[in-house]
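Enquirer: The structure follows.
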Amino acid sequence: MNVHDNKPAANAPAPATITVDGKQVTLPVRSGSIGPNVIDVGALYKETGNFTYDPGFTSTANCSSSITYIDGDKGELLYRGYPIDQLADNTNFLAVCYLLLHGELPNNAEFINFRKTITNHTMVHEQMTRFFTGYRRDAHPMAVMVGTVGALSSFYHDSTDINDPRQREIASHRMIAKMPTIAAMAYKYSMGHPFIYPRNDLDYTSNFLQMCFAVPCEPYVVNPILSRALDRIFILHADHEQNASTSTVRLAGSSGANPFACISAGIACLWGPAHGGANEAALNMLKEIGTVDKVPEYVKKAKDKTSGFRLMGFGHRVYKNYDPRAKVMQKTCHEVLEATGAKDDPLLKVAIELERIALQDDYFIEKKLYPNIDFYSGITLRAMGFPVEMFTVLFAVARTVGWIAQWKEMIEDPEQRIGRPRQLYIGKPRRDFPAA
């Protein structure tokens with residue numbers, strides 16, 4: 001099989017010619033606004049009887065999208081064209097939610113209306129409070145999230161018709177609004193504490209913090225530094241192109257499943273340690289190191305390929321340069337450590353020393369093994385008072401808007417079809433059942 005480019009037509013990508021068993025097939029090449037072109041292989045099987053083989057779909061575009069763009073070589077992440085660091089520094093999470101859903105940043109009137117809509121949807125149906133008693137007290141909060149979010153479709157029947165644009169919009173608003181409430185309830189339930197109702201006078205992240213950390217017997221005042229830090233964390237995690245959980249949401253949605261079921265499927269995928277659990281793994285690595293004096297020993301192990309030890313929270317599968325989210329997260333992390341006095345935490349001292357060495361060591365610099373967002377977010381969330389079991393839950397709260405935007409885009413895409421990957425069969429060929 002040979003692949004070569006024909007000469008391009010004016011202002012159009014050159015088509016690709018594939019030769020299979022002596023037969024030439026010309027395939028269109030499509031280009032986006034930025035990024036690499038893609039060869040459209042949709043007609044390949046019909047023309048040649050061959051599939052393509054791409055484990056993990058790492059070289060395959062499964063859709064066209066206008067939401068998020070990543071350039072891993074440059075270390076660039078754009079939401080609707082805006083660099084992630086500019087959004088984190090200049091706006092807030094709800095404005096970013098509006099941007100991801102609608103394609104443009106809201107003006108003042110649009111933001112006020114959107115914020116009011118989300119605020120008015122933060123409460124969950126009262127029967128859901130009794131729903132929680134069906135879980136064991138020691139259930140992982142992510143298990144609770146998967147079950148509870150999936151069950152939303154049994155409470156909100158009026159927003160499950162995916163063919164009705166208004167119902168899609170209502171479902172989108174409900175999930176963005178209720179996800180922090182459900183996450184806080186999962187946390188409170190694991191602690192044996194009473195649920196704290198949302199407050200309409202607080203902003204999105206301040207409300208979430210008070211639902212997690214307030215208790216009925218005394219007033220709770222939200223630390224504005226922590227609230228702003230969590231807002232940035234949510235912005236940085238809001239979307240990340242066609243990652244595993246987003247692809248899961250799109251695949252579930254392609255079957256016509258209701259939006260609550262699709263988001264529940266995304267949460268289940270996010271729970272995997274290779275995806276949303278990376279910040280938890282980074283914190284567990286810091287626990288293994290234990291003390292600052294052992295950091296050089298573990299750095300030496302990381303450089304030794306035969307040691308079996310791997311530094312978690314360093315480098316990134318997509319970003320071959322510095323993770324652009326990590327730059328913002330690094331600043332946020334140190335602000336939180338300063339505000340909470342957590343720099344005295346022995347584990348956080350280990351993290352600070354490991355960061356210092358990694359940013360100066362030639363080995364890490366040459367291999368571009370910089371601290372990524374998971375390294376800093378785990379440290380930050382621990383300093384804010386969240387247990388490690390809640391880290392992925394917070395990821396899910398932030399990523400909900402990205403999943404919804406991607407799901408909404410897929411539903412409205414005229415090229416959308418039910419997902420049906422093919423396979424390379426390597427089992428037994430056809431054979432007859434043995435005669436008696």
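Residue numbering restarts at 1 for every chain of the structure tokens, chains are lettered A, B, ... in their displayed order, and ligands are numbered from 1 as they appear.
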Can you pull out every residue within 12 Å of Asn90 of chain A, counting only C-alpha atoms, but drop anything in the same chain fewer than 5 positions away, and send it as a PyMOL selection string?
Expert: chain A and resi 82-85+95-96+105+228+231-232+235+328
Enquirer: DSSP on the backbone: what in segment 60-300 of chain A comes out strand (DSSP E), as a list in words?
Expert: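 Selection result, strand (DSSP E) within segment 60-300 of chain A: Thr68, Tyr69, Ile70, Asp71, Glu76, Leu77, Leu78, Tyr79, Tyr82 and Pro83 of chain A.
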Enquirer: Those residues with N, CA and C atoms, as a short mmCIF file (atom, residue, chain, number, x, y, z; two decimals), in the first residue's frame please?
Expert:
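Once written, part-v9.cif looks like this:
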```
data_model
loop_
_atom_site.label_atom_id
_atom_site.label_comp_id
_atom_site.auth_asym_id
_atom_site.auth_seq_id
_atom_site.Cartn_x
_atom_site.Cartn_y
_atom_site.Cartn_z
N THR A 68 -12.42 23.37 20.92
CA THR A 68 -11.11 23.42 21.56
C THR A 68 -10.02 23.00 20.59
N TYR A 69 -8.88 23.68 20.65
CA TYR A 69 -7.75 23.33 19.80
C TYR A 69 -6.49 23.18 20.65
N ILE A 70 -5.74 22.12 20.40
CA ILE A 70 -4.49 21.86 21.10
C ILE A 70 -3.36 21.75 20.09
N ASP A 71 -2.27 22.46 20.33
CA ASP A 71 -1.03 22.26 19.58
C ASP A 71 0.00 21.77 20.59
N GLU A 76 0.15 24.79 23.33
CA GLU A 76 -0.93 25.77 23.18
C GLU A 76 -2.29 25.09 23.35
N LEU A 77 -3.18 25.74 24.11
CA LEU A 77 -4.55 25.28 24.30
C LEU A 77 -5.48 26.46 24.11
N LEU A 78 -6.43 26.32 23.16
CA LEU A 78 -7.36 27.40 22.85
C LEU A 78 -8.79 26.94 23.09
N TYR A 79 -9.58 27.75 23.78
CA TYR A 79 -11.03 27.55 23.87
C TYR A 79 -11.68 28.55 22.91
N TYR A 82 -9.45 31.37 22.08
CA TYR A 82 -8.80 32.14 23.14
C TYR A 82 -7.76 31.28 23.89
N PRO A 83 -6.53 31.79 24.06
CA PRO A 83 -5.52 31.05 24.82
C PRO A 83 -5.98 30.83 26.26
#
```
Enquirer: Compile the contact shell of Ala186 of chain A as a PyMOL selection string: residues with an atom at most 8 Å away, counting only C-alpha atoms, same-chain residues fewer than 4 positions apart removed.
Expert: chain A and resi 141+144-145+182+190
Enquirer: Atoms to include: C-alpha atoms. Write the selected residues as a tab-separated table (two decimals), in the first residue's frame.
Expert:
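Saved the output as again.tsv:
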```
chain	number	residue	atom	x	y	z
A	141	PRO	CA	-17.35	9.66	45.62
A	144	VAL	CA	-21.67	8.05	43.76
A	145	MET	CA	-21.27	10.59	40.94
A	182	ILE	CA	-24.12	16.57	43.68
A	190	SER	CA	-18.65	10.20	52.73
```
Enquirer: Using only C-alpha atoms, which protein or nucleic acid residues come within 9 Å of Leu381 of chain A? Drop anything in the same chain fewer than 4 positions from it, and give the result as JSON, numbers by chain.
Expert: {"A": [230, 333, 336, 376, 377, 385, 386, 387, 388, 390, 391]}
Enquirer: Please save all heavy atoms of the selected residues as a CSV table (one decimal), in the first residue's frame.
Expert:
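And here is the file that came out, again.csv:
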```
chain,number,residue,atom,x,y,z
A,230,LEU,N,-10.0,28.0,42.9
A,230,LEU,CA,-10.8,26.9,42.4
A,230,LEU,C,-11.5,27.3,41.0
A,230,LEU,O,-11.7,26.5,40.2
A,230,LEU,CB,-11.9,26.6,43.4
A,230,LEU,CG,-12.7,25.3,43.1
A,230,LEU,CD1,-11.8,24.1,43.0
A,230,LEU,CD2,-13.8,25.1,44.2
A,333,CYS,N,-1.2,27.5,42.6
A,333,CYS,CA,-0.8,26.6,43.6
A,333,CYS,C,0.0,27.3,44.7
A,333,CYS,O,-0.3,27.2,45.9
A,333,CYS,CB,0.1,25.5,43.0
A,333,CYS,SG,0.8,24.3,44.3
A,336,VAL,N,-2.3,29.5,46.9
A,336,VAL,CA,-3.1,28.7,47.8
A,336,VAL,C,-2.2,28.3,49.0
A,336,VAL,O,-2.6,28.3,50.2
A,336,VAL,CB,-3.8,27.5,47.1
A,336,VAL,CG1,-4.4,26.6,48.2
A,336,VAL,CG2,-4.8,28.0,46.2
A,376,TYR,N,0.5,20.0,39.9
A,376,TYR,CA,0.1,21.2,40.7
A,376,TYR,C,-1.3,21.1,41.3
A,376,TYR,O,-1.6,21.6,42.4
A,376,TYR,CB,0.2,22.5,39.9
A,376,TYR,CG,1.7,22.8,39.5
A,376,TYR,CD1,2.1,22.8,38.2
A,376,TYR,CD2,2.6,23.2,40.5
A,376,TYR,CE1,3.4,23.1,37.9
A,376,TYR,CE2,3.9,23.5,40.2
A,376,TYR,CZ,4.3,23.5,38.9
A,376,TYR,OH,5.6,23.8,38.6
A,377,SER,N,-2.3,20.6,40.5
A,377,SER,CA,-3.7,20.6,41.0
A,377,SER,C,-3.8,19.7,42.2
A,377,SER,O,-4.6,20.0,43.1
A,377,SER,CB,-4.6,20.1,39.8
A,377,SER,OG,-4.4,18.8,39.4
A,385,GLY,N,-8.0,21.5,51.4
A,385,GLY,CA,-8.7,20.7,52.3
A,385,GLY,C,-9.5,19.6,51.7
A,385,GLY,O,-10.2,18.8,52.5
A,386,PHE,N,-9.4,19.3,50.4
A,386,PHE,CA,-10.1,18.2,49.8
A,386,PHE,C,-9.3,16.9,49.9
A,386,PHE,O,-8.1,16.9,49.7
A,386,PHE,CB,-10.3,18.5,48.3
A,386,PHE,CG,-11.3,19.6,48.0
A,386,PHE,CD1,-10.9,20.8,47.6
A,386,PHE,CD2,-12.6,19.3,48.1
A,386,PHE,CE1,-11.8,21.8,47.3
A,386,PHE,CE2,-13.6,20.3,47.9
A,386,PHE,CZ,-13.2,21.5,47.5
A,387,PRO,N,-9.9,15.8,50.3
A,387,PRO,CA,-9.3,14.5,50.4
A,387,PRO,C,-9.0,14.0,49.0
A,387,PRO,O,-9.6,14.5,48.0
A,387,PRO,CB,-10.3,13.6,51.1
A,387,PRO,CG,-11.6,14.2,50.8
A,387,PRO,CD,-11.4,15.7,50.7
A,388,VAL,N,-8.0,13.1,48.8
A,388,VAL,CA,-7.6,12.7,47.5
A,388,VAL,C,-8.8,12.0,46.7
A,388,VAL,O,-8.8,12.1,45.5
A,388,VAL,CB,-6.4,11.7,47.7
A,388,VAL,CG1,-6.8,10.4,48.3
A,388,VAL,CG2,-5.8,11.4,46.3
A,390,MET,N,-11.6,13.1,46.3
A,390,MET,CA,-12.4,14.1,45.7
A,390,MET,C,-11.8,14.7,44.5
A,390,MET,O,-12.4,15.5,43.8
A,390,MET,CB,-12.8,15.2,46.7
A,390,MET,CG,-13.9,14.8,47.7
A,390,MET,SD,-15.5,14.7,46.9
A,390,MET,CE,-15.8,16.4,46.4
A,391,PHE,N,-10.5,14.4,44.3
A,391,PHE,CA,-9.8,15.1,43.2
A,391,PHE,C,-10.5,14.9,41.8
A,391,PHE,O,-10.7,15.8,41.1
A,391,PHE,CB,-8.3,14.6,43.1
A,391,PHE,CG,-7.5,15.1,44.2
A,391,PHE,CD1,-8.0,15.9,45.3
A,391,PHE,CD2,-6.1,14.8,44.3
A,391,PHE,CE1,-7.2,16.3,46.3
A,391,PHE,CE2,-5.3,15.2,45.3
A,391,PHE,CZ,-5.8,16.0,46.3
```
Enquirer: Which residues are close to Arg250 of chain A, i.e. within 12 Å by only C-alpha atoms, leaving aside same-chain residues fewer than 2 positions away? Reply as a PyMOL selection string.
Expert: chain A and resi 62-65+241-248+252-259+261-266+402-413+416-420
Enquirer: Write the selection just made, keeping N, CA and C atoms, as a tab-separated table (two decimals), in the first residue's frame?
Expert:
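Output contents, as saved in selection.tsv:
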```tsv
chain	number	residue	atom	x	y	z
A	62	ASN	N	-12.09	11.85	14.79
A	62	ASN	CA	-13.40	11.19	14.81
A	62	ASN	C	-14.55	12.16	14.59
A	63	CYS	N	-14.22	13.45	14.46
A	63	CYS	CA	-15.27	14.45	14.25
A	63	CYS	C	-14.62	15.75	13.81
A	64	SER	N	-15.42	16.70	13.38
A	64	SER	CA	-14.95	18.08	13.20
A	64	SER	C	-15.54	18.89	14.35
A	65	SER	N	-14.77	19.82	14.88
A	65	SER	CA	-15.21	20.56	16.06
A	65	SER	C	-14.65	21.97	16.02
A	241	GLU	N	-10.33	19.00	24.16
A	241	GLU	CA	-10.47	18.38	22.85
A	241	GLU	C	-11.02	16.96	22.97
A	242	GLN	N	-10.62	16.02	22.07
A	242	GLN	CA	-11.25	14.70	22.01
A	242	GLN	C	-10.52	13.68	22.87
A	243	ASN	N	-10.45	13.95	24.18
A	243	ASN	CA	-9.81	13.02	25.11
A	243	ASN	C	-10.73	11.81	25.35
A	244	ALA	N	-10.30	10.90	26.20
A	244	ALA	CA	-11.03	9.64	26.38
A	244	ALA	C	-12.46	9.86	26.88
A	245	SER	N	-12.64	10.70	27.91
A	245	SER	CA	-13.99	10.88	28.45
A	245	SER	C	-14.88	11.66	27.49
A	246	THR	N	-14.33	12.65	26.81
A	246	THR	CA	-15.11	13.40	25.83
A	246	THR	C	-15.53	12.50	24.68
A	247	SER	N	-14.62	11.66	24.21
A	247	SER	CA	-14.96	10.72	23.15
A	247	SER	C	-16.03	9.74	23.62
A	248	THR	N	-15.98	9.37	24.90
A	248	THR	CA	-17.01	8.50	25.47
A	248	THR	C	-18.37	9.17	25.45
A	252	ALA	N	-21.50	7.74	23.32
A	252	ALA	CA	-22.79	7.44	23.95
A	252	ALA	C	-23.89	8.29	23.33
A	253	GLY	N	-23.59	9.56	23.09
A	253	GLY	CA	-24.57	10.45	22.50
A	253	GLY	C	-24.94	10.08	21.08
A	254	SER	N	-24.01	9.47	20.35
A	254	SER	CA	-24.28	9.11	18.96
A	254	SER	C	-25.39	8.07	18.84
A	255	SER	N	-25.66	7.35	19.93
A	255	SER	CA	-26.72	6.34	19.91
A	255	SER	C	-28.09	6.96	20.19
A	256	GLY	N	-28.11	8.25	20.55
A	256	GLY	CA	-29.36	8.90	20.89
A	256	GLY	C	-29.67	8.86	22.37
A	257	ALA	N	-28.69	8.44	23.20
A	257	ALA	CA	-28.91	8.38	24.65
A	257	ALA	C	-29.19	9.77	25.20
A	258	ASN	N	-29.94	9.82	26.30
A	258	ASN	CA	-30.28	11.13	26.89
A	258	ASN	C	-29.01	11.79	27.47
A	259	PRO	N	-29.01	13.11	27.61
A	259	PRO	CA	-27.78	13.81	28.01
A	259	PRO	C	-27.26	13.42	29.38
A	261	ALA	N	-27.41	10.45	30.79
A	261	ALA	CA	-26.72	9.17	30.63
A	261	ALA	C	-25.36	9.38	29.97
A	262	CYS	N	-25.30	10.29	29.00
A	262	CYS	CA	-24.04	10.54	28.30
A	262	CYS	C	-22.99	11.13	29.24
A	263	ILE	N	-23.39	12.08	30.07
A	263	ILE	CA	-22.44	12.69	31.00
A	263	ILE	C	-22.02	11.69	32.08
A	264	SER	N	-22.94	10.83	32.50
A	264	SER	CA	-22.59	9.78	33.45
A	264	SER	C	-21.54	8.85	32.86
A	265	ALA	N	-21.67	8.54	31.57
A	265	ALA	CA	-20.67	7.70	30.89
A	265	ALA	C	-19.31	8.40	30.87
A	266	GLY	N	-19.32	9.72	30.65
A	266	GLY	CA	-18.07	10.47	30.68
A	266	GLY	C	-17.42	10.44	32.04
A	402	GLY	N	-17.52	21.11	29.23
A	402	GLY	CA	-16.88	20.68	27.99
A	402	GLY	C	-17.60	19.50	27.37
A	403	TRP	N	-17.96	18.53	28.20
A	403	TRP	CA	-18.71	17.38	27.71
A	403	TRP	C	-20.03	17.83	27.07
A	404	ILE	N	-20.72	18.75	27.74
A	404	ILE	CA	-22.01	19.20	27.23
A	404	ILE	C	-21.84	19.94	25.91
A	405	ALA	N	-20.83	20.82	25.84
A	405	ALA	CA	-20.59	21.56	24.60
A	405	ALA	C	-20.28	20.61	23.45
A	406	GLN	N	-19.47	19.58	23.73
A	406	GLN	CA	-19.12	18.61	22.70
A	406	GLN	C	-20.34	17.77	22.31
A	407	TRP	N	-21.14	17.37	23.29
A	407	TRP	CA	-22.36	16.60	23.02
A	407	TRP	C	-23.33	17.42	22.19
A	408	LYS	N	-23.52	18.68	22.56
A	408	LYS	CA	-24.42	19.58	21.84
A	408	LYS	C	-23.95	19.76	20.40
A	409	GLU	N	-22.65	19.96	20.21
A	409	GLU	CA	-22.10	20.11	18.87
A	409	GLU	C	-22.33	18.87	18.02
A	410	MET	N	-22.16	17.70	18.65
A	410	MET	CA	-22.34	16.43	17.93
A	410	MET	C	-23.79	16.26	17.48
A	411	ILE	N	-24.75	16.57	18.39
A	411	ILE	CA	-26.16	16.43	18.06
A	411	ILE	C	-26.54	17.32	16.88
A	412	GLU	N	-25.94	18.51	16.80
A	412	GLU	CA	-26.27	19.47	15.76
A	412	GLU	C	-25.44	19.29	14.48
A	413	ASP	N	-24.53	18.33	14.47
A	413	ASP	CA	-23.66	18.09	13.31
A	413	ASP	C	-24.39	17.26	12.26
A	416	GLN	N	-23.19	13.72	11.72
A	416	GLN	CA	-23.19	12.81	12.87
A	416	GLN	C	-23.84	11.47	12.52
A	417	ARG	N	-23.17	10.39	12.89
A	417	ARG	CA	-23.69	9.03	12.74
A	417	ARG	C	-23.36	8.27	14.01
A	418	ILE	N	-24.06	7.19	14.26
A	418	ILE	CA	-23.75	6.39	15.44
A	418	ILE	C	-22.32	5.86	15.32
A	419	GLY	N	-21.58	5.96	16.43
A	419	GLY	CA	-20.20	5.49	16.43
A	419	GLY	C	-20.12	3.99	16.25
A	420	ARG	N	-19.25	3.55	15.35
A	420	ARG	CA	-19.11	2.11	15.09
A	420	ARG	C	-17.69	1.80	14.62
```
Enquirer: Counting only C-alpha atoms, figure out which residue out of A:Ser31, A:Thr392, A:Thr122, A:Ser206 gets nearest to Ile267 of chain A.
Expert: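 The answer is A:Thr392, which sits nearest to Ile267 of chain A.
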Enquirer: Could you please write out, as an MDAnalysis selection string, every residue of segment 325-419 of chain A that DSSP assigns to alpha helix (DSSP H)?
Expert: chainID A and resid 325:340 346:360 362:366 373:384 391:411
Enquirer: How many Å lie between atom CA of Thr181 of chain A and atom CA of Met123 of chain A, rounded to one decimal?
Expert: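 Spanning atom CA of Thr181 of chain A to atom CA of Met123 of chain A is a straight-line distance of 6.9 Å.
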Enquirer: So what do you get for atom CA of Cys212 of chain A versus atom CA of Glu335 of chain A, distance-wise?
Expert: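 Answer for the atom CA of Cys212 of chain A to atom CA of Glu335 of chain A separation: 20.7 Å.
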Enquirer: Go through A:Tyr363, A:Arg168, A:Asn372, A:Ala139 and flag the residue nearest Asp304 of chain A, using only C-alpha atoms for the distances.
Expert: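 Smallest separation from Asp304 of chain A among the options: A:Tyr363.
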Enquirer: Let me make sure I understand: among A:Glu366, A:Asp374, A:Glu169, A:Asp239, which one has the smallest atom-to-atom distance to Ala274 of chain A if we use only C-alpha atoms?
Expert: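 Closest residue, counting only C-alpha atoms: A:Asp374.
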Enquirer: In Å to one decimal, how far is atom CA of Glu415 of chain A from atom CA of Ile18 of chain A?
Expert: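 Atom CA of Glu415 of chain A lies at a distance of 23.8 Å from atom CA of Ile18 of chain A.
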Enquirer: For Asn50 of chain A, find every residue with an atom within 12 Å (counting only C-alpha atoms), except residues of its own chain fewer than 4 positions away, and show them as JSON, numbers by chain.
Expert: {"A": [1, 18, 19, 20, 21, 25, 41, 42, 43, 44, 45, 46, 422, 423, 424]}
Enquirer: Point out the residue among A:Lys368, A:Ser159, A:Leu286, A:Pro296 with the least atom-to-atom distance to Lys349 of chain A, counting only C-alpha atoms.
Expert: A:Leu286
Enquirer: Please provide the set of residues having any atom within 9 Å of Met128 of chain A, restricted to only C-alpha atoms, with same-chain residues fewer than 4 positions apart removed, written as a PyMOL selection string.
Expert: chain A and resi 124+132+148+152+155
Enquirer: Given the choices A:Val318, A:Met312, A:Met191, A:Leu354, which gets closest to Lys74 of chain A if the distance is worked out from only C-alpha atoms?
Expert: A:Val318
